[in-house]
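What follows is one structure encoded as structure tokens, with my remarks underneath.
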Amino acid sequence: MTRWRWPLGAPPGAPVARPSRLALPDLAGEVLAGVLQRPGRSLLTTLGTLIGIATFVAVLGLTATASNQISSRFSALAATEVMVEEATGRDPWVEPDPFPADADARVARLNGVVGGGVYWAVPLQDHLVRAAPVGADAAGQQLRVVAASPGLFSAVKPTLASGRTFDTFHDSRGEPVAVLGPAVAERLGITTLDTQPAIFVDDVPFSVIGVLDDVQRQPDLLLSIIVPRRAAALALGARPSADERPKMLVATRPGAASQVAGEAALALRPDDPEALKVIAPPDPRSLRDQVSGDLGTLFLLLAGICLAIGAVGIANTTLVAVMERIPEIGLRRAVGAGRRHVATQFVAESAVLGALGGMFGMAIGVVVVVLVALGKQWTPVIEPLTVAAAPFIGLLTGLLAGAYPALRASRIEPVAALRR
Amino acid sequence: MTPVIRFGGVALTYPGPPPVPALKPCDLQVAAGEHVVVVGPSGSGKSTLLNVAGLLDRPTEGVYELDGIDTGSLADRDRTALRGQRIGFVFQSFHLLPYRSAEENVQLALLYNHTPRPGRRALVWEALDRVGLAHRLHALPGTMSGGEQQRVAIARALVTRPSLLLCDEPSGNLDSATTESLLALIDELHADGLTVVVITHDPWVAARAQRTVTIEDGFLSEATADEAAAR
């Protein structure tokens with residue numbers, strides 16, 4: 001055993017050499033020990049920030065992912081769709097159909113057009129459609145009949161359950177053929193085209209040449225019987241009604257909608273372009289930005305609230321930790337720690353817990369975004385800045401939350417602390 | 001020779017309201033290498049005396065010189081530094097950090113006083129060896145007996161090579177056999193030249209002192225040899 005001989009250390013009467021200090025590696029060691037030696041408490045303290053940051057990253061990631069999705073949907077469909085209608089204030093009795101007979105060919109010549117066709121609901125006399133003129137179905141059913149130019153099929157991009165759609169040959173000759181929506185085919189009991197079935201519209205026979213399975217646009221066609229425009233006029237003697245005016249649906253390539261919208265009326269009616277009204281899709285970029293902006297602000301607010309709750313959690317737990325560690329604070333002060341050393345240690349512990357919460361919360365947030373995107377078959381989108389900033393936001397939260405408890409800790413008098 | 005402790009009319013009154021005179025004006029000198037015991041009943045002002053002597057509290061009156069340094073003129077941060085460098089504390093309830101090993105508990109006293117990191121382990125080992133616990137370097141306080149914990153606390157007080165060892169009821173939480181062994185250690189340290197001031201109301205502890213000071217209702221007085229023997 002070593003025996004010491006006093007006096008040791010500073011000689012009597014020597015002035016106070018240097019004020020106390022806590023070197024950075026020592027501070028790091030104490031902070032690390034403080035965090036790791038009470039894992040349960042550290043975990044609970046971190047949980048607030050962890051949840052806050054996870055929510056923060058998840059909502060920002062999901063907003064970005066959803067916005068991206070909205071943008072692609074708009075780009076894929078809505079942004080490539082132009083609708084041409086009769087201008088308001090026109091007299092339907094003077095001009096029953098404002099679209100020329102070769103409307104499809106006219107718009108098809110425009111640059112950027114994929115296809116387009118005119119359509120209108122046929123006003124039936126007795127409003128009845130039969131699958132057979134005699135027998136069980138002779139009573140007929142009320143079904144929607146749409147007269148369309150063949151270009152409509154290029155615009156709505158149908159998939160067929162069986163058969164085919166009609167073309168310009170059928171239209172120009174006024175062939176009495178019909179394409180049925182799947183629901184209509186089922187109601188009329190038409191399950192196959194092998195028997196070359198016919199339907200009777202106002203007692204006029206139409207050969208069924210195709211049954212739709214699905215369409216990308218104008219889903220009401222799935223509940224309709226589609227016949228050529230000229231056939232509707234010749235066989236049924238129908239003209240567009242004053243109530244439901246003809247329209248033309250034009251599908252364009254991405255980015256071409258605005259230009260096509262600007263040219264369509266003149267191409268269709270060079271004699272009287274004012275007769276038509278063209279409805280262009282909204283600009284997808286501005287729409288996307290607006291949607292992203294609205295969602296972003298909302299979710300950012302939500303994330304901020306979560307983070308604030310996390311910060312209050314840290315502040316509370318740190319304050320409780322300070323109260324619990326009062327004897328330790330007293331001891332540290334007794335062995336030479338200054339007020340600032342105590343404050344620095346507590347605030348650093350809180351900051352480390354905040355940063356850890358930020359890192360793990362960021363990881364959880366990313367996983368949530370990826371899982372949601374996977375589930376929805378979306379492309380997960382997370383701004384790199386969100387991921388990079390998360391630990392720092394956690395650190396800042398920890399710093400702010402730890403400031404008050406640290407101040408309280410530094411104000412504790414060693415005498416009072418050691419009495420406990 | 002410069003005394004380690006010199007009180008000149010030192011008094012401490014807690015402001016209240018109402019004001020409580022915990023320590024009445026008193027004079028006291030403790031020379032280097034002395035072993036002084038302060039005895040007195042509960043509430044007599046023993047702990048106040050220890051707090052003033054340990055620079056944990058400022059006297060409201062008088063002059064207190066520690067190692068010849070007038071502590072009244074020092075700023076808080078200099079008093080803190082002086083306390084960390086020249087005074088070792090031993091408390092009744094040990095005040096060890098429960099999640100830190102014996103080595104880390106002792107090393108705590110070296111964190112704030114500029115001791116270079118590379119030399120710390122040797123100093124800690126030496127201090128633990130001095131109290132007979134070099135083999136318990138990595139033990140946690142929870143796995144140690146009361147006597148061992150108090151020895152770790154003494155090692156922590158000694159590791160900074162202080163001029164003064166202040167013990168507040170060091171045997172308060174120990175059985176008689178452990179108290180005896182602890183007092184033997186304090187006697188040894190005193191024999192090595194360390195100045196020791198012990199506050200106690202345990203007559204067994206008081207009987208080991210070279211000099212006894214009594215305190216009653218805040219008044220400090222030297223006990224005569226007969227009074228000390230009577231206690």
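By order of appearance in the structure tokens: chains A, B, ..., then residues from 1 within every chain, and ligands from 1 in the order shown.
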
message: If you run DSSP on the backbone here, which positions in range 175-408 of chain A get strand (DSSP E)? Please write them as a ChimeraX atom specification.
response: /A:177-180,198-201,204-214,224-228,247-252,276-279

List as a short mmCIF file (atom, residue, chain, number, x, y, z; two decimals) with N, CA and C atoms, in the first residue's frame the protein and nucleic acid residues near Pro116 in chain B, meaning an atom at most 12 Å away when only C-alpha atoms are counted, but skip any in the same chain fewer than 3 places from it.
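Output (around.cif):
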```
data_model
loop_
_atom_site.label_atom_id
_atom_site.label_comp_id
_atom_site.auth_asym_id
_atom_site.auth_seq_id
_atom_site.Cartn_x
_atom_site.Cartn_y
_atom_site.Cartn_z
N ARG A 21 -11.92 23.80 -14.77
CA ARG A 21 -12.31 23.68 -16.18
C ARG A 21 -12.74 22.24 -16.43
N LEU A 22 -13.50 22.08 -17.49
CA LEU A 22 -13.92 20.74 -17.91
C LEU A 22 -13.53 20.63 -19.38
N ALA A 23 -12.45 19.87 -19.62
CA ALA A 23 -11.96 19.75 -21.01
C ALA A 23 -13.01 19.06 -21.89
N PRO A 25 -12.88 16.59 -24.11
CA PRO A 25 -12.98 15.11 -24.06
C PRO A 25 -13.62 14.63 -22.76
N ASP A 26 -13.34 15.35 -21.65
CA ASP A 26 -13.96 14.96 -20.38
C ASP A 26 -15.46 15.20 -20.41
N GLN B 107 -12.20 9.22 -10.06
CA GLN B 107 -11.68 10.09 -11.12
C GLN B 107 -12.48 11.38 -11.27
N LEU B 110 -10.94 14.56 -10.37
CA LEU B 110 -9.82 15.08 -11.19
C LEU B 110 -10.29 15.78 -12.46
N LEU B 111 -11.60 15.68 -12.73
CA LEU B 111 -12.12 16.20 -14.00
C LEU B 111 -11.96 17.71 -14.13
N TYR B 112 -12.09 18.39 -13.01
CA TYR B 112 -12.24 19.85 -13.09
C TYR B 112 -10.97 20.62 -12.68
N ASN B 113 -9.90 19.88 -12.31
CA ASN B 113 -8.75 20.62 -11.77
C ASN B 113 -7.48 20.50 -12.60
N GLY B 119 -2.30 10.92 -16.88
CA GLY B 119 -1.83 10.57 -15.53
C GLY B 119 -2.95 10.17 -14.56
N ARG B 120 -4.20 10.31 -15.00
CA ARG B 120 -5.32 10.14 -14.06
C ARG B 120 -5.47 8.72 -13.54
N ARG B 121 -5.31 7.75 -14.41
CA ARG B 121 -5.55 6.35 -13.99
C ARG B 121 -4.58 5.97 -12.89
N ALA B 122 -3.33 6.42 -13.04
CA ALA B 122 -2.32 6.09 -12.03
C ALA B 122 -2.69 6.73 -10.70
N LEU B 123 -3.15 8.01 -10.76
CA LEU B 123 -3.52 8.70 -9.52
C LEU B 123 -4.71 8.01 -8.85
#
```

The distance between CA of Arg5 in chain A and CA of Glu148 in chain B is 23.2 Å

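Residues in contact range of Ala32 in chain B, defined as at most 7 Å between only C-alpha atoms, with sequence neighbours fewer than 4 positions away removed, read Pro3, Val4 and Thr195 of chain B.
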
Convert the current residue selection to file output with C-alpha atoms, as a PDB file, in the first residue's frame.
```pdb
ATOM      1  CA  PRO B   3      -2.628  27.357   9.645  1.00  0.00           C
ATOM      2  CA  VAL B   4      -4.785  25.398   7.215  1.00  0.00           C
ATOM      3  CA  THR B 195      -5.071  17.860   8.213  1.00  0.00           C
TER       4      THR B 195
END
```

Q: Mind checking which residues fall within 6 Å of range 112-126 of chain A, counting only C-alpha atoms, ignoring those fewer than 6 positions away in the same chain, and posting them as a ChimeraX atom specification?
A: /A:104,145-149,151-152,154-155,246-253,256
